[in-house]
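Chemist: To be precise about what I am sending: the file is called work_26.txt and holds compact mmCIF, C-alpha atoms.
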```txt
# COMPACT_ATOMS: atom_id res chain seq x y z
CA MET A 1016 90.72 109.44 50.93
CA SER A 1017 91.96 109.53 54.49
CA THR A 1018 90.70 107.02 57.00
CA ILE A 1019 90.51 106.84 60.78
CA GLN A 1020 91.50 103.95 63.03
CA VAL A 1021 88.50 102.52 64.89
CA GLU A 1022 88.65 100.31 67.98
CA ILE A 1023 85.44 98.84 69.41
CA VAL A 1024 85.82 96.78 72.58
CA SER A 1025 83.52 95.43 75.26
CA ALA A 1026 84.55 94.24 78.71
CA GLU A 1027 84.34 90.65 77.48
CA GLU A 1028 86.03 90.86 74.08
CA GLN A 1029 87.46 92.84 71.17
CA ILE A 1030 84.69 93.59 68.67
CA PHE A 1031 86.27 95.53 65.85
CA SER A 1032 89.64 96.98 64.97
CA GLY A 1033 90.33 98.61 61.62
CA GLN A 1034 90.10 101.65 59.36
CA ALA A 1035 86.94 103.51 58.37
CA LEU A 1036 86.03 106.68 56.45
CA MET A 1037 83.40 107.84 58.91
CA VAL A 1038 82.11 106.70 62.28
CA TYR A 1039 78.57 107.36 63.49
CA ALA A 1040 77.81 106.81 67.18
CA PRO A 1041 74.79 107.43 69.45
CA ALA A 1042 76.21 109.95 71.94
CA VAL A 1043 73.93 110.97 74.81
CA MET A 1044 73.42 114.43 73.29
CA GLY A 1045 72.44 112.99 69.89
CA GLU A 1046 74.11 111.01 67.14
CA VAL A 1047 77.60 112.15 66.22
CA GLY A 1048 79.47 111.60 62.96
CA ILE A 1049 83.24 111.50 63.14
CA ALA A 1050 85.53 112.05 60.18
CA PRO A 1051 89.34 111.70 60.24
CA ARG A 1052 91.18 114.57 62.00
CA HIS A 1053 88.21 115.26 64.25
CA THR A 1054 89.02 117.35 67.31
CA PRO A 1055 89.40 115.37 70.59
CA LEU A 1056 85.99 114.49 72.00
CA ILE A 1057 84.81 112.32 74.83
CA SER A 1058 81.19 111.43 75.53
CA PRO A 1059 79.04 108.69 77.05
CA LEU A 1060 76.98 106.65 74.60
CA LYS A 1061 73.38 105.58 74.90
CA PRO A 1062 72.04 102.23 73.69
CA GLY A 1063 71.98 102.16 69.90
CA GLU A 1064 74.13 101.30 66.96
CA VAL A 1065 77.60 102.33 65.94
CA ARG A 1066 77.85 102.60 62.16
CA LEU A 1067 81.11 102.53 60.22
CA ASP A 1068 81.41 103.81 56.66
CA MET A 1069 83.95 101.43 55.13
CA GLY A 1070 84.00 103.10 51.68
CA ASP A 1071 82.59 101.72 48.39
CA GLY A 1072 79.12 102.01 49.91
CA LYS A 1073 79.95 99.31 52.45
CA GLU A 1074 78.85 99.77 56.02
CA GLU A 1075 79.32 97.88 59.28
CA PHE A 1076 76.84 97.93 62.17
CA PHE A 1077 77.44 97.18 65.82
CA PHE A 1078 74.81 97.23 68.48
CA ILE A 1079 75.91 98.63 71.83
CA SER A 1080 73.93 99.05 75.03
CA GLY A 1081 75.75 102.12 76.25
CA GLY A 1082 79.39 102.92 76.84
CA ILE A 1083 81.95 105.65 76.22
CA LEU A 1084 83.24 107.21 73.02
CA GLU A 1085 86.71 108.74 72.84
CA VAL A 1086 87.93 110.58 69.76
CA GLN A 1087 91.53 111.50 69.03
CA PRO A 1088 92.42 113.01 65.62
CA HIS A 1089 93.50 109.60 64.23
CA LEU A 1090 91.76 107.20 66.58
CA VAL A 1091 88.19 106.50 67.64
CA THR A 1092 87.73 104.24 70.67
CA VAL A 1093 84.33 102.85 71.59
CA LEU A 1094 84.30 101.33 75.09
CA SER A 1095 81.06 99.41 74.94
CA ASP A 1096 79.30 98.07 78.01
CA THR A 1097 78.21 95.12 75.92
CA ALA A 1098 78.74 95.21 72.20
CA ILE A 1099 77.17 92.57 70.00
CA ARG A 1100 77.57 92.28 66.26
CA ALA A 1101 74.31 93.44 64.72
CA HIS A 1102 74.20 90.23 62.66
CA ASP A 1103 73.97 88.15 65.83
CA LEU A 1104 70.89 89.93 67.09
CA ASP A 1105 67.80 87.81 67.28
CA GLU A 1106 64.90 89.96 66.22
CA ALA A 1107 62.34 87.82 68.02
CA ALA A 1108 64.28 88.01 71.27
CA ALA A 1109 64.65 91.77 70.89
CA LEU A 1110 60.94 92.25 70.22
CA GLU A 1111 60.06 90.06 73.16
CA ALA A 1112 62.34 92.06 75.43
CA GLN A 1113 60.71 95.24 74.16
CA LYS A 1114 57.25 93.86 74.89
CA ARG A 1115 58.30 92.74 78.37
CA ALA A 1116 59.65 96.19 79.08
CA GLU A 1117 56.47 97.84 77.80
CA ASP A 1118 54.35 95.53 79.97
CA ALA A 1119 56.46 96.37 82.99
CA LEU A 1120 56.05 100.04 82.18
CA ALA A 1121 52.26 99.61 81.88
CA ASP A 1122 51.79 98.47 85.47
CA GLN A 1123 53.98 100.95 87.24
CA GLN A 1124 54.98 99.64 90.63
CA SER A 1125 57.81 101.74 91.93
CA ASP A 1126 60.12 104.43 90.62
CA LEU A 1127 62.97 101.96 90.58
CA ASP A 1128 61.06 99.44 88.46
CA VAL A 1129 59.98 102.17 86.07
CA ALA A 1130 63.51 103.47 85.62
CA LYS A 1131 64.74 99.94 84.97
CA ALA A 1132 61.92 99.24 82.54
CA LYS A 1133 62.60 102.48 80.66
CA ALA A 1134 66.27 101.57 80.29
CA GLU A 1135 65.32 98.09 79.07
CA LEU A 1136 62.80 99.57 76.65
CA ALA A 1137 65.36 101.98 75.19
CA SER A 1138 67.83 99.16 74.74
CA ALA A 1139 65.27 96.82 73.16
CA ALA A 1140 63.93 99.53 70.84
CA ALA A 1141 67.46 100.33 69.67
CA GLN A 1142 68.07 96.64 68.97
CA VAL A 1143 64.89 96.41 66.94
CA ALA A 1144 65.84 99.52 64.98
CA ALA A 1145 69.28 98.09 64.25
CA ILE A 1146 67.77 94.85 62.94
CA LYS A 1147 65.26 96.66 60.74
CA LYS A 1148 68.02 98.75 59.19
CA LEU A 1149 70.05 95.62 58.55
CA ARG A 1150 67.05 93.95 56.89
CA LYS A 1151 66.61 96.90 54.58
CA LYS A 1152 70.26 96.74 53.56
CA SER A 1153 70.29 93.06 52.63
CA MET J 597 102.17 37.48 108.13
CA ALA J 598 102.10 40.49 110.45
CA GLY J 599 100.72 43.74 109.11
CA GLY J 600 100.18 42.41 105.58
CA LYS J 601 96.51 43.25 105.56
CA GLU J 602 97.07 46.68 107.07
CA ILE J 603 99.57 47.55 104.35
CA LYS J 604 97.14 46.32 101.66
CA THR J 605 94.40 48.58 103.09
CA LYS J 606 96.78 51.53 103.23
CA ILE J 607 97.76 51.02 99.58
CA ALA J 608 94.10 50.92 98.56
CA SER J 609 93.35 54.14 100.40
CA VAL J 610 96.33 55.97 98.86
CA GLN J 611 95.21 54.70 95.45
CA ASN J 612 91.77 56.20 96.02
CA THR J 613 93.30 59.53 96.97
CA GLN J 614 95.48 59.37 93.88
CA LYS J 615 92.44 58.82 91.68
CA ILE J 616 90.80 61.92 93.12
CA THR J 617 93.88 64.13 92.75
CA ALA J 618 94.42 62.90 89.18
CA ALA J 619 90.80 63.76 88.32
CA MET J 620 91.11 67.19 89.94
CA GLU J 621 94.29 67.82 87.97
CA MET J 622 92.52 67.12 84.70
CA VAL J 623 89.49 69.23 85.62
CA ALA J 624 91.75 72.13 86.63
CA ALA J 625 93.71 71.82 83.37
CA SER J 626 90.61 72.14 81.23
CA LYS J 627 89.17 74.95 83.36
CA MET J 628 92.50 76.75 83.20
CA ARG J 629 92.37 76.81 79.42
CA ARG J 630 88.93 78.41 79.53
CA ALA J 631 89.98 80.89 82.22
CA GLN J 632 93.04 81.84 80.18
CA ASP J 633 90.87 82.44 77.11
CA GLN J 634 88.62 84.71 79.14
CA MET J 635 91.65 86.51 80.52
CA PHE J 636 93.02 87.21 77.04
CA ALA J 637 89.57 88.22 75.78
CA THR J 638 89.21 90.91 78.45
CA ARG J 639 92.65 92.40 77.80
CA PRO J 640 91.76 94.62 74.80
CA TYR J 641 89.15 96.48 76.84
CA ALA J 642 91.51 96.96 79.78
CA GLN J 643 94.21 98.16 77.38
CA ARG J 644 91.91 100.59 75.53
CA ILE J 645 90.35 102.06 78.64
CA SER J 646 93.74 102.62 80.24
CA ASP J 647 94.85 104.35 76.99
CA VAL J 648 91.82 106.62 77.18
CA VAL J 649 92.46 107.37 80.86
CA SER J 650 96.08 108.24 80.12
CA HIS J 651 94.90 110.57 77.34
CA VAL J 652 92.53 112.18 79.81
CA ALA J 653 95.29 112.53 82.40
CA SER J 654 97.56 114.27 79.88
CA SER J 655 94.80 116.62 78.73
CA HIS J 656 94.50 120.01 80.40
CA ALA J 657 91.01 119.75 81.76
CA GLU J 658 89.47 122.61 83.72
CA TYR J 659 87.90 120.01 86.00
CA ARG J 660 90.06 117.61 88.04
CA HIS J 661 88.16 114.53 89.10
CA PRO J 662 88.59 113.48 92.78
CA PHE J 663 89.84 110.07 91.58
CA LEU J 664 92.82 111.83 90.01
CA ILE J 665 93.81 113.95 93.01
CA GLU J 666 96.29 112.73 95.64
CA ARG J 667 95.59 113.67 99.23
CA PRO J 668 97.21 112.93 102.60
CA VAL J 669 96.41 109.37 103.64
CA LYS J 670 94.72 108.71 106.96
CA ARG J 671 92.73 105.59 106.11
CA ALA J 672 93.30 103.11 103.30
CA GLY J 673 91.01 100.71 101.47
CA ILE J 674 92.14 97.34 100.16
CA VAL J 675 90.47 95.23 97.51
CA ALA J 676 91.69 91.66 98.01
CA VAL J 677 91.05 89.02 95.37
CA SER J 678 91.34 85.38 96.43
CA THR J 679 89.88 82.02 95.47
CA ASP J 680 86.73 80.44 96.82
CA ARG J 681 88.19 76.98 97.25
CA GLY J 682 91.44 75.62 98.63
CA LEU J 683 93.73 72.89 97.30
CA CYS J 684 95.53 75.33 95.06
CA GLY J 685 99.01 75.30 96.55
CA GLY J 686 100.44 78.46 98.06
CA LEU J 687 98.43 80.81 95.86
CA ASN J 688 96.30 82.43 98.57
CA THR J 689 98.97 82.16 101.27
CA ASN J 690 101.48 84.08 99.15
CA MET J 691 98.91 86.76 98.43
CA PHE J 692 98.01 87.07 102.13
CA LYS J 693 101.70 87.36 103.02
CA LYS J 694 102.04 90.26 100.61
CA ALA J 695 98.89 91.84 102.03
CA LEU J 696 100.15 91.41 105.62
CA ASN J 697 103.48 93.07 104.75
CA HIS J 698 101.65 95.99 103.23
CA ILE J 699 99.20 96.28 106.12
CA GLY J 700 102.19 96.24 108.50
CA ASP J 701 103.77 99.14 106.59
CA LEU J 702 100.52 101.09 106.70
CA ASP J 703 100.14 100.31 110.40
CA GLU J 704 103.57 101.79 111.14
CA GLN J 705 102.42 105.04 109.57
CA GLY J 706 99.29 104.93 111.71
CA ILE J 707 97.01 104.23 108.75
CA GLU J 708 93.92 102.13 109.42
CA ILE J 709 92.50 99.88 106.76
CA GLU J 710 89.13 98.79 105.43
CA VAL J 711 88.83 95.79 103.15
CA ALA J 712 86.58 94.58 100.33
CA THR J 713 87.16 90.89 99.60
CA PHE J 714 86.52 88.60 96.66
CA GLY J 715 86.39 84.89 97.45
CA THR J 716 85.79 83.05 100.74
CA LYS J 717 89.51 82.59 101.49
CA ALA J 718 90.21 86.33 101.66
CA LEU J 719 87.08 86.89 103.72
CA GLY J 720 88.20 84.24 106.24
CA PHE J 721 91.75 85.60 106.37
CA PHE J 722 90.85 89.25 106.91
CA LYS J 723 88.26 88.34 109.54
CA ARG J 724 90.90 86.25 111.34
CA ILE J 725 93.40 89.10 111.49
CA GLY J 726 90.64 91.40 112.72
CA ALA J 727 90.54 93.77 109.73
CA LYS J 728 87.36 95.70 109.03
CA VAL J 729 85.67 94.00 106.08
CA ILE J 730 83.09 96.36 104.61
CA ALA J 731 82.07 94.38 101.53
CA GLU J 732 82.58 90.89 100.19
CA VAL J 733 81.61 88.70 97.27
CA SER J 734 82.13 84.96 97.31
CA HIS J 735 81.18 82.05 95.06
CA ILE J 736 82.07 84.02 91.95
CA GLY J 737 82.36 80.85 89.87
CA ASP J 738 84.78 80.01 87.09
CA SER J 739 83.66 82.68 84.62
CA PRO J 740 83.12 85.91 86.53
CA GLU J 741 80.89 88.61 85.08
CA ILE J 742 81.49 92.30 85.50
CA GLY J 743 78.11 92.70 87.21
CA GLN J 744 79.32 90.61 90.15
CA ILE J 745 82.23 92.83 91.05
CA ILE J 746 80.54 96.23 90.91
CA GLY J 747 79.02 96.06 94.41
CA PRO J 748 82.10 95.86 96.62
CA VAL J 749 84.08 98.23 94.39
CA GLN J 750 81.29 100.78 94.62
CA ALA J 751 81.23 100.43 98.41
CA LEU J 752 84.89 101.45 98.63
CA LEU J 753 84.61 104.16 95.95
CA THR J 754 81.69 105.75 97.80
CA LYS J 755 83.79 105.84 100.97
CA TYR J 756 86.60 107.39 98.97
CA GLU J 757 84.32 110.08 97.59
CA GLU J 758 82.97 110.82 101.06
CA GLY J 759 86.55 111.27 102.26
CA GLU J 760 86.47 108.37 104.71
CA ILE J 761 89.35 106.63 102.95
CA ASP J 762 92.10 108.34 101.01
CA VAL J 763 93.65 105.59 98.92
CA ILE J 764 92.52 102.20 97.59
CA TYR J 765 94.87 99.32 96.82
CA LEU J 766 94.17 96.19 94.83
CA ILE J 767 95.91 92.94 95.82
CA SER J 768 95.57 89.82 93.72
CA ASN J 769 97.63 87.27 91.80
CA GLU J 770 99.35 87.82 88.50
CA PHE J 771 99.32 85.03 85.93
CA VAL J 772 102.91 84.87 84.68
CA ASN J 773 102.61 81.43 83.11
CA THR J 774 101.21 78.01 83.97
CA MET J 775 104.03 77.30 86.41
CA THR J 776 104.33 80.73 88.01
CA GLN J 777 101.78 82.97 89.70
CA GLN J 778 102.87 86.01 91.65
CA PRO J 779 101.08 88.08 94.25
CA TRP J 780 100.64 91.54 92.81
CA MET J 781 99.58 94.87 94.22
CA THR J 782 98.60 98.14 92.61
CA GLN J 783 97.04 101.42 93.60
CA LEU J 784 93.48 101.76 92.28
CA VAL J 785 92.58 105.24 93.50
CA PRO J 786 93.90 107.91 93.15
CA VAL J 787 94.38 106.74 89.58
CA GLN J 788 98.02 106.83 88.50
CA PRO J 789 97.87 106.72 84.71
CA ALA J 790 100.91 106.64 82.51
CA GLU J 791 101.13 110.00 80.77
CA ASP J 792 101.11 109.86 77.00
CA LYS J 793 104.22 111.68 75.75
CA GLU J 794 102.84 112.27 72.24
CA LEU J 795 100.04 114.36 73.72
CA SER J 796 102.21 116.66 75.81
CA HIS J 797 101.13 119.83 73.98
CA HIS J 798 98.34 121.93 75.45
CA TRP J 799 94.94 120.57 74.50
CA ASP J 800 91.65 119.44 75.96
CA TYR J 801 88.65 117.39 74.97
CA ILE J 802 85.23 118.55 73.97
CA TYR J 803 83.15 117.03 76.73
CA GLU J 804 79.55 116.08 76.05
CA PRO J 805 77.47 116.79 78.09
CA ASP J 806 80.04 118.05 80.65
CA SER J 807 83.42 116.99 81.94
CA LYS J 808 82.26 115.87 85.39
CA GLU J 809 79.65 113.45 84.09
CA VAL J 810 81.97 112.04 81.44
CA LEU J 811 84.91 111.54 83.80
CA ASP J 812 82.66 109.99 86.47
CA GLY J 813 81.49 107.37 84.00
CA LEU J 814 84.93 106.80 82.52
CA LEU J 815 86.92 106.48 85.76
CA GLU J 816 84.30 104.28 87.37
CA ARG J 817 84.46 101.94 84.38
CA TYR J 818 88.25 102.06 84.44
CA ILE J 819 88.44 101.00 88.08
CA GLU J 820 85.83 98.31 87.55
CA SER J 821 87.74 97.01 84.56
CA LEU J 822 90.97 96.84 86.61
CA VAL J 823 89.23 94.85 89.34
CA TYR J 824 87.39 92.66 86.82
CA GLN J 825 90.67 91.93 85.07
CA ALA J 826 92.21 90.98 88.44
CA VAL J 827 89.30 88.66 89.27
CA VAL J 828 89.46 86.96 85.87
CA GLU J 829 93.23 86.62 86.11
CA ASN J 830 92.90 85.20 89.60
CA VAL J 831 90.62 82.44 88.30
CA ALA J 832 93.29 81.49 85.75
CA CYS J 833 95.89 81.55 88.55
CA GLU J 834 93.70 79.38 90.76
CA MET J 835 93.26 76.75 88.08
CA ALA J 836 96.96 76.74 87.16
CA ALA J 837 98.01 76.51 90.81
CA ARG J 838 95.51 73.75 91.49
CA MET J 839 96.63 71.82 88.44
CA LEU J 840 100.24 71.97 89.63
CA ALA J 841 99.36 71.14 93.25
CA MET J 842 97.26 68.16 92.16
CA LYS J 843 99.96 66.95 89.78
CA ASN J 844 102.44 66.97 92.67
CA ALA J 845 99.94 65.22 94.92
CA THR J 846 99.33 62.53 92.28
CA ASP J 847 103.08 62.01 91.85
CA ASN J 848 103.59 61.82 95.61
CA ALA J 849 100.77 59.32 95.95
CA GLY J 850 102.42 57.21 93.22
CA ALA J 851 105.75 57.26 95.06
CA MET J 852 104.02 56.35 98.32
CA ILE J 853 102.21 53.42 96.69
CA ASP J 854 105.53 52.13 95.28
CA GLU J 855 107.13 52.28 98.72
CA LEU J 856 104.21 50.57 100.43
CA GLN J 857 104.14 47.90 97.75
CA LEU J 858 107.84 47.22 98.37
CA ILE J 859 107.28 46.91 102.12
CA TYR J 860 104.32 44.63 101.49
CA ASN J 861 106.36 42.37 99.16
CA ARG J 862 109.23 42.15 101.66
CA GLU J 863 106.79 41.28 104.42
CA ARG J 864 105.19 38.55 102.32
CA GLN J 865 108.57 37.13 101.29
CA ALA J 866 109.69 37.10 104.93
CA SER J 867 106.58 35.24 106.02
CA ILE J 868 106.96 32.64 103.21
CA THR J 869 110.63 32.08 104.12
CA GLN J 870 109.64 31.67 107.74
CA GLU J 871 106.95 29.11 106.89
CA ILE J 872 109.37 27.09 104.74
CA SER J 873 112.01 27.06 107.45
CA GLU J 874 109.37 25.97 109.95
CA ILE J 875 108.27 23.10 107.68
CA VAL J 876 111.87 22.06 107.01
CA GLY J 877 112.61 22.23 110.72
CA GLY J 878 109.52 20.18 111.49
CA ALA J 879 110.39 17.54 108.85
CA ALA J 880 113.94 17.22 110.25
CA ALA J 881 112.55 16.71 113.75
CA VAL J 882 110.42 13.79 112.53
```
Take the structure in the file and write it out as structure tokens.
Modeler:
Amino acid sequence: MSTIQVEIVSAEEQIFSGQALMVYAPAVMGEVGIAPRHTPLISPLKPGEVRLDMGDGKEEFFFISGGILEVQPHLVTVLSDTAIRAHDLDEAAALEAQKRAEDALADQQSDLDVAKAKAELASAAAQVAAIKKLRKKS
Amino acid sequence: MAGGKEIKTKIASVQNTQKITAAMEMVAASKMRRAQDQMFATRPYAQRISDVVSHVASSHAEYRHPFLIERPVKRAGIVAVSTDRGLCGGLNTNMFKKALNHIGDLDEQGIEIEVATFGTKALGFFKRIGAKVIAEVSHIGDSPEIGQIIGPVQALLTKYEEGEIDVIYLISNEFVNTMTQQPWMTQLVPVQPAEDKELSHHWDYIYEPDSKEVLDGLLERYIESLVYQAVVENVACEMAARMLAMKNATDNAGAMIDELQLIYNRERQASITQEISEIVGGAAAV
């Protein structure tokens, strides 16, 4: 089966570099699945997880809090704003962040605060979802 | 024994200075290693994003982003990256010399400049030469974060988009190796990507949601990553330059102490000889 080269990088470090059968990424218009020989595509990403199908039922998860996805027929590049390995995520910390964001949203002060809180909430919720999925797997 | 005590005091003070420079050398050496690690860690992102930008530049998009379009230059912006602290040899001075040369060239063409500075040294320099500083960040610390550099870059980019400036340059230091750092200048905007020869056939991306939004986000990140890379590299340069400068200072202090010690010993020997001859002379007189 053909594979596609995947590069995941954040401003601070290289996260992943290797081959995969399929790549799933949270594009702003909805999740996209990319198989080898996909037509060129470029899209911003929203906070969520990038999932790689490694074959033999093995999968890799990476949490990203936004970024840019570029697809060339033989290369997928994920430019993550901050990418953390899903294994490193601390569920408690993520839940706490989610709660903080919800609290902030509850007492709406200004538009700016609300927008910030919403962004934080989306990011925290995506982290929690990523952890739950990981739990189910193991 | 004339001057013996003064020489002793002088030796002690040089020794104190030597202790300080030796300590600073060691601190700089360890910080340099960390800064170098950070520099290498940020390279993959810079490499990937410049690949993507060169793909974009060689695509045949229906929309050309303003950051990709050259226009006649009336005013120029400069992003200058310097250190916060001194005692790092000629690092900043060399960079300022390069900047001055470039500003001179621009001046001859009647182009005015506006500057965004990183680090207190650049801020001081550009204020002294009377340049218009529109944004500055200082006290960046030894491990800069990308959040810290966005402000001043945005300030210049906004001016570029409004048409107030027509080109933005980046001046900083390049880390060649531990012994060598070179002042380095590049053009940030309009972006001059290397075209990818493999992608020369006619093609274009699928843009989601639309090309303007995607390119805005991409090019902004690209420029930020270039500046971030320069800031991180400059920290490594600073530490390497300081290490070298402090090593030289320590060596010089050592040489100075040796010389002073020699003078002190001669002085002491002379005074002893004099005393003996006085005693002998006195004994003979009796």
Chemist: Please, which residues of chain A lie no more than 12 Å from chain J when the count uses all atoms listed in the file, and can they be set out as a ChimeraX atom specification?
Modeler: /A:1021-1032,1041-1047,1053-1060,1081-1088,1090-1098
Chemist: What gap, in Å, lies between CA of Leu664 in chain J and CA of Ser646 in chain J?
Modeler: 13.5 Å
Chemist: For the atom pair CA of Val787 in chain J and CA of Val828 in chain J, what is the interatomic distance in Å to one decimal place?
Modeler: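 Here the two named atoms are 20.7 Å from each other.
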Chemist: So how many Å separate CA of Gly686 in chain J and CA of Thr776 in chain J, to one decimal?
Modeler: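 Computing the Euclidean distance for CA of Gly686 in chain J and CA of Thr776 in chain J yields 11.0 Å.
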Chemist: Quick one: of A:His1089, A:Lys1073, A:Leu1136, A:Arg1066, who's nearest to Gln1020 in chain A, counting only C-alpha atoms?
Modeler: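 Using only C-alpha atoms, the shortest distance to Gln1020 in chain A belongs to A:His1089.
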Chemist: Can you tell me, as AutoDock Vina command-line options, the centre and edge lengths (Å, one decimal) of the axis-aligned box enclosing all of range 843-850 of chain J's listed atoms after padding each side by 5 Å?
Modeler:
```
--center_x 101.5 --center_y 62.1 --center_z 92.9 --size_x 14.3 --size_y 19.8 --size_z 16.2
```
